[in-house]
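Okay, so here's the structure we're looking at.
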Amino acid sequence: MPLHRSRTPGRPRERASRRATTVGAATGVLLAGVVLSGCGASSAAERVDVYAASSLTGAFTDLAAAFEEQHPGVDVALNFAGSADLAVQIAEGAPADVFVAADEPTMQRVVASGRAVGEPLALATNRLTIAVAEGNPHGVRSLAELRREDLATVVCAEQVPCGRAARTAEQRAGVSLRPVSEENSVTDVLGKVRSGQADAGLVYVTDVAAHEDELDGVPLPGAAANSYTVVGVDGGAPERAAEFVAFATGPTGREQLVRHGFGVPD
């Protein structure tokens with residue numbers, strides 16, 4: 001965001017001889033401003049803004065560090081949130097260079113906005129599981145058991161990827177859940193289970209794996225896999241964005257994703 005500086009009226013010049021000095025000083029300030037402005041433009045060119053689904057927090061934090069190590073002087077700025085929220089922000093002009101969505105319908109919102117550069121690429125896969133406190137104190141064994149009146153269950157809202165995946169799981173199991181709340185991101189669901197505000201929640205297997213010291217996961221047999229995709233966005237660093245997308249979908253990116261529990265395309 002540009003800085004706006006207020007001007008302070010100067011004192012009247014007392015001697016004509018001071019005029020040259022004042023003009024010279026002003027010229028020096030102007031030149032310094034040009035130099036600083038140039039530095040700012042250079043710094044902006046070395047930054048890549050990555051908007052990624054919140055479930056990628058652990059994997060992309062490590063992946064960004066690896067990218068920066070291989071690209072000295074480049075700063076990867078990570079913005080994690082629910083895919084649907086990020087897609088809306090990008091469609092409305094947010095300064096993103098790369099977007100990673102947790103499912104294809106959400107990615108198509110950015111494509112439809114005209115801001116995607118090239119075609120989205122397959123990045124990773126993930127599946128839902130039931131997150132419960134360590135030791136599974138309520139003895140949850142299946143999706144159907146989440147209808148028990150003694151359980152407080154949370155899920156994602158239907159407009160976000162983890163919510164769509166939850167509805168698909170319900171349909172396949174012939175179960176209609178009665179959640180106490182519907183959240184805008186999988187990290188919000190996870191947070192309620194971790195804090196004890198909920199007894200169970202539908203999250204991704206990678207989320208439980210990242211908190212295995214405090215949570216257990218109850219498998220959902222036959223749960224559909226979410227497909228994560230990545231695309232460059234028409235931001236301020238197109239070359240760096242292309243490099244990051246190639247890095248994320250390449251061997252190093254896949255290694256990081258697998259290490260964090262994601263599946264990767266063949």
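Residue numbering restarts at 1 for every chain of the structure tokens, chains are lettered A, B, ... in their displayed order, and ligands are numbered from 1 as they appear.
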
Could you find all residues in range 12-245 of chain A that DSSP calls helix (DSSP H, G or I) from the backbone, and write them as a PyMOL selection string?
chain A and resi 17-45+54-70+83-91+104-113+144-147+161-173+186-195+205-210+238-245

Produce a file of the selected residues containing C-alpha atoms, as a compact mmCIF listing (two decimals), in the first residue's frame.
```
# COMPACT_ATOMS: atom_id res chain seq x y z
CA SER A 17 21.65 32.97 -1.73
CA ARG A 18 19.85 30.18 0.12
CA ARG A 19 17.71 29.41 -2.91
CA ALA A 20 20.36 27.34 -4.67
CA THR A 21 21.01 25.33 -1.53
CA THR A 22 17.32 24.68 -1.05
CA VAL A 23 16.85 23.61 -4.67
CA GLY A 24 19.91 21.40 -4.41
CA ALA A 25 18.59 19.77 -1.26
CA ALA A 26 15.19 19.24 -2.86
CA THR A 27 16.86 17.66 -5.88
CA GLY A 28 18.79 15.35 -3.58
CA VAL A 29 15.61 14.31 -1.81
CA LEU A 30 13.91 13.74 -5.15
CA LEU A 31 16.77 11.57 -6.39
CA ALA A 32 16.78 9.63 -3.13
CA GLY A 33 13.06 9.06 -3.55
CA VAL A 34 13.60 7.73 -7.05
CA VAL A 35 16.30 5.36 -5.79
CA LEU A 36 14.09 4.14 -2.94
CA SER A 37 11.18 3.73 -5.31
CA GLY A 38 13.35 1.64 -7.57
CA CYS A 39 14.40 -0.51 -4.62
CA GLY A 40 10.77 -0.99 -3.69
CA ALA A 41 9.92 -2.16 -7.19
CA SER A 42 12.83 -4.59 -7.10
CA SER A 43 11.72 -5.97 -3.73
CA ALA A 44 8.16 -6.43 -5.01
CA ALA A 45 9.47 -8.40 -7.97
CA SER A 54 -5.74 -23.95 5.03
CA SER A 55 -5.26 -27.73 5.07
CA LEU A 56 -1.94 -27.14 3.28
CA THR A 57 -0.48 -25.03 6.08
CA GLY A 58 2.15 -27.50 7.27
CA ALA A 59 3.15 -28.80 3.83
CA PHE A 60 3.35 -25.40 2.15
CA THR A 61 5.22 -23.79 5.03
CA ASP A 62 7.98 -26.36 4.51
CA LEU A 63 7.70 -26.17 0.73
CA ALA A 64 8.01 -22.37 0.75
CA ALA A 65 11.12 -22.59 2.92
CA ALA A 66 12.66 -25.04 0.45
CA PHE A 67 11.78 -22.76 -2.48
CA GLU A 68 13.35 -19.74 -0.77
CA GLU A 69 16.49 -21.74 -0.07
CA GLN A 70 16.84 -22.57 -3.77
CA SER A 83 -10.40 -22.16 -0.37
CA ALA A 84 -13.79 -20.58 -0.99
CA ASP A 85 -12.86 -17.39 0.87
CA LEU A 86 -9.56 -17.15 -1.01
CA ALA A 87 -11.27 -17.67 -4.36
CA VAL A 88 -13.63 -14.78 -3.63
CA GLN A 89 -10.73 -12.54 -2.62
CA ILE A 90 -8.80 -13.33 -5.80
CA ALA A 91 -11.84 -12.83 -8.03
CA GLU A 104 -11.88 -28.41 -8.47
CA PRO A 105 -15.19 -26.48 -8.17
CA THR A 106 -13.44 -23.84 -6.05
CA MET A 107 -10.57 -23.56 -8.51
CA GLN A 108 -13.09 -23.00 -11.32
CA ARG A 109 -14.31 -19.85 -9.58
CA VAL A 110 -10.89 -18.28 -10.08
CA VAL A 111 -10.67 -19.58 -13.64
CA ALA A 112 -14.10 -18.08 -14.39
CA SER A 113 -12.96 -14.72 -12.97
CA ALA A 144 -23.58 -42.99 11.58
CA GLU A 145 -22.55 -42.76 15.23
CA LEU A 146 -22.09 -39.00 14.87
CA ARG A 147 -25.89 -38.74 15.07
CA PRO A 161 -14.45 -28.03 -0.19
CA CYS A 162 -14.43 -29.96 3.09
CA GLY A 163 -18.18 -29.32 3.37
CA ARG A 164 -18.88 -30.69 -0.09
CA ALA A 165 -16.77 -33.73 0.75
CA ALA A 166 -18.74 -34.19 3.98
CA ARG A 167 -22.07 -34.10 2.12
CA THR A 168 -20.76 -36.69 -0.34
CA ALA A 169 -19.70 -38.92 2.56
CA GLU A 170 -23.16 -38.59 4.14
CA GLN A 171 -24.89 -39.50 0.88
CA ARG A 172 -22.70 -42.55 0.33
CA ALA A 173 -23.31 -43.76 3.88
CA VAL A 186 -11.41 -27.22 7.94
CA THR A 187 -9.02 -25.55 10.39
CA ASP A 188 -12.02 -24.08 12.21
CA VAL A 189 -13.53 -27.57 12.54
CA LEU A 190 -10.19 -28.90 13.73
CA GLY A 191 -9.86 -26.10 16.25
CA LYS A 192 -13.20 -26.90 17.88
CA VAL A 193 -12.29 -30.56 18.28
CA ARG A 194 -8.83 -29.74 19.63
CA SER A 195 -10.24 -27.25 22.13
CA VAL A 205 -6.54 -37.16 7.29
CA THR A 206 -3.60 -34.76 7.02
CA ASP A 207 -5.11 -32.54 9.72
CA VAL A 208 -5.25 -35.41 12.20
CA ALA A 209 -1.74 -36.51 11.24
CA ALA A 210 -0.45 -33.01 12.00
CA PRO A 238 4.38 -13.84 -13.12
CA GLU A 239 7.83 -15.39 -13.57
CA ARG A 240 8.22 -16.21 -9.89
CA ALA A 241 4.66 -17.56 -9.81
CA ALA A 242 5.44 -19.92 -12.68
CA GLU A 243 8.61 -21.04 -10.91
CA PHE A 244 6.71 -21.71 -7.69
CA VAL A 245 3.99 -23.70 -9.45
```

Between A:Ala224, A:Arg47, A:Asp234, A:Ala101, smallest distance to Arg115 in chain A by only C-alpha atoms belongs to A:Asp234

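For the pair CA of Leu123 in chain A and CA of Phe80 in chain A, the interatomic distance is 16.3 Å.
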
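Nearest to Glu255 in chain A of all the residues A:Asp199, A:Ala124, A:Ala133, A:Leu220 is A:Ala124, counting only C-alpha atoms.
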
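If you measure from each of A:Leu177, A:Val76, A:Leu151, A:Ala246 to Pro120 in chain A using only C-alpha atoms, the closest one turns out to be A:Ala246.
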
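Computed from the coordinates, the CA of Thr129 in chain A to CA of Gln159 in chain A distance equals 18.7 Å.
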
With DSSP run on the backbone, what are the strand (DSSP E) residues within range 56-139 of chain A? I'd like them as a list of chain:residue names.
A:Asp75, A:Val76, A:Ala77, A:Leu78, A:Asn79, A:Phe80, A:Ala81, A:Val98, A:Phe99, A:Val100, A:Ala101, A:Ala116, A:Val117, A:Gly118, A:Glu119, A:Pro120, A:Leu121, A:Ala122, A:Leu123, A:Ala124, A:Thr125, A:Asn126, A:Arg127, A:Leu128, A:Thr129, A:Ile130, A:Ala131, A:Val132, A:Ala133

Next, dump the selected residues to file, keeping only N, CA, C and O atoms, as a compact mmCIF listing (two decimals), in the first residue's frame.
```
# COMPACT_ATOMS: atom_id res chain seq x y z
N ASP A 75 11.09 -13.95 -1.47
CA ASP A 75 10.25 -14.11 -0.28
C ASP A 75 8.90 -14.69 -0.69
O ASP A 75 8.19 -14.09 -1.51
N VAL A 76 8.55 -15.85 -0.15
CA VAL A 76 7.24 -16.45 -0.42
C VAL A 76 6.30 -16.03 0.71
O VAL A 76 6.49 -16.40 1.87
N ALA A 77 5.30 -15.23 0.38
CA ALA A 77 4.32 -14.78 1.37
C ALA A 77 3.11 -15.70 1.29
O ALA A 77 2.43 -15.76 0.27
N LEU A 78 2.86 -16.44 2.36
CA LEU A 78 1.79 -17.44 2.39
C LEU A 78 0.53 -16.88 3.04
O LEU A 78 0.60 -16.30 4.12
N ASN A 79 -0.59 -17.09 2.41
CA ASN A 79 -1.89 -16.68 2.95
C ASN A 79 -2.78 -17.92 2.97
O ASN A 79 -3.23 -18.38 1.93
N PHE A 80 -3.02 -18.48 4.17
CA PHE A 80 -3.84 -19.68 4.31
C PHE A 80 -5.24 -19.31 4.81
O PHE A 80 -5.38 -18.54 5.75
N ALA A 81 -6.23 -19.90 4.18
CA ALA A 81 -7.62 -19.71 4.62
C ALA A 81 -8.46 -20.76 3.89
O ALA A 81 -7.93 -21.57 3.13
N VAL A 98 -0.20 -16.94 -6.86
CA VAL A 98 -0.46 -18.37 -6.98
C VAL A 98 -1.69 -18.71 -6.14
O VAL A 98 -1.85 -18.18 -5.04
N PHE A 99 -2.54 -19.59 -6.65
CA PHE A 99 -3.70 -20.04 -5.89
C PHE A 99 -3.72 -21.56 -5.86
O PHE A 99 -3.53 -22.22 -6.88
N VAL A 100 -3.98 -22.11 -4.67
CA VAL A 100 -4.12 -23.55 -4.50
C VAL A 100 -5.47 -23.82 -3.85
O VAL A 100 -5.73 -23.36 -2.74
N ALA A 101 -6.33 -24.56 -4.54
CA ALA A 101 -7.67 -24.87 -4.04
C ALA A 101 -7.75 -26.32 -3.59
O ALA A 101 -7.06 -27.19 -4.14
N ALA A 116 -6.84 -16.52 -13.69
CA ALA A 116 -5.91 -17.64 -13.76
C ALA A 116 -5.00 -17.50 -14.98
O ALA A 116 -5.44 -17.09 -16.05
N VAL A 117 -3.73 -17.84 -14.79
CA VAL A 117 -2.76 -17.81 -15.88
C VAL A 117 -2.45 -19.25 -16.28
O VAL A 117 -1.84 -20.00 -15.53
N GLY A 118 -2.92 -19.67 -17.44
CA GLY A 118 -2.73 -21.05 -17.86
C GLY A 118 -3.77 -21.96 -17.23
O GLY A 118 -4.73 -21.51 -16.57
N GLU A 119 -3.58 -23.24 -17.42
CA GLU A 119 -4.51 -24.23 -16.90
C GLU A 119 -4.08 -24.69 -15.50
O GLU A 119 -2.89 -24.86 -15.23
N PRO A 120 -5.05 -24.91 -14.58
CA PRO A 120 -4.70 -25.45 -13.25
C PRO A 120 -4.04 -26.82 -13.39
O PRO A 120 -4.40 -27.60 -14.27
N LEU A 121 -3.10 -27.10 -12.51
CA LEU A 121 -2.39 -28.37 -12.52
C LEU A 121 -2.76 -29.19 -11.29
O LEU A 121 -2.95 -28.64 -10.20
N ALA A 122 -2.84 -30.50 -11.47
CA ALA A 122 -3.10 -31.39 -10.33
C ALA A 122 -1.93 -31.31 -9.36
O ALA A 122 -0.77 -31.37 -9.77
N LEU A 123 -2.23 -31.19 -8.08
CA LEU A 123 -1.19 -31.04 -7.07
C LEU A 123 -1.18 -32.19 -6.08
O LEU A 123 -0.13 -32.80 -5.82
N ALA A 124 -2.34 -32.50 -5.49
CA ALA A 124 -2.37 -33.50 -4.42
C ALA A 124 -3.79 -34.00 -4.21
O ALA A 124 -4.75 -33.47 -4.78
N THR A 125 -3.92 -35.02 -3.38
CA THR A 125 -5.24 -35.53 -2.99
C THR A 125 -5.29 -35.66 -1.47
O THR A 125 -4.25 -35.74 -0.80
N ASN A 126 -6.50 -35.68 -0.95
CA ASN A 126 -6.71 -35.78 0.49
C ASN A 126 -8.07 -36.42 0.72
O ASN A 126 -8.93 -36.42 -0.16
N ARG A 127 -8.27 -36.98 1.90
CA ARG A 127 -9.54 -37.62 2.23
C ARG A 127 -10.02 -37.20 3.61
O ARG A 127 -9.21 -36.85 4.47
N LEU A 128 -11.33 -37.27 3.79
CA LEU A 128 -11.91 -36.94 5.09
C LEU A 128 -11.75 -38.09 6.07
O LEU A 128 -11.68 -39.27 5.69
N THR A 129 -11.71 -37.73 7.32
CA THR A 129 -11.74 -38.69 8.42
C THR A 129 -12.50 -38.05 9.57
O THR A 129 -12.78 -36.85 9.53
N ILE A 130 -12.84 -38.83 10.57
CA ILE A 130 -13.51 -38.28 11.75
C ILE A 130 -12.45 -38.00 12.79
O ILE A 130 -11.73 -38.90 13.26
N ALA A 131 -12.31 -36.74 13.17
CA ALA A 131 -11.34 -36.36 14.20
C ALA A 131 -12.00 -36.42 15.57
O ALA A 131 -13.09 -35.88 15.77
N VAL A 132 -11.34 -37.10 16.50
CA VAL A 132 -11.82 -37.20 17.89
C VAL A 132 -10.63 -36.98 18.81
O VAL A 132 -9.47 -37.02 18.38
N ALA A 133 -10.90 -36.74 20.08
CA ALA A 133 -9.82 -36.56 21.04
C ALA A 133 -8.99 -37.84 21.14
O ALA A 133 -9.48 -38.94 20.86
```

State, in Å with one decimal place, the distance from CA of Gly82 in chain A to CA of Asp103 in chain A.
11.0 Å

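Proximity ranking of A:Ala53, A:Ala237, A:Leu143, A:Ala94 relative to Ser176 in chain A places A:Leu143 first, based on only C-alpha atoms.
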
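Counting only C-alpha atoms, the residue from A:Glu158, A:Glu149, A:Asp213, A:Asp49 that sits nearest to Arg178 in chain A is A:Glu149.
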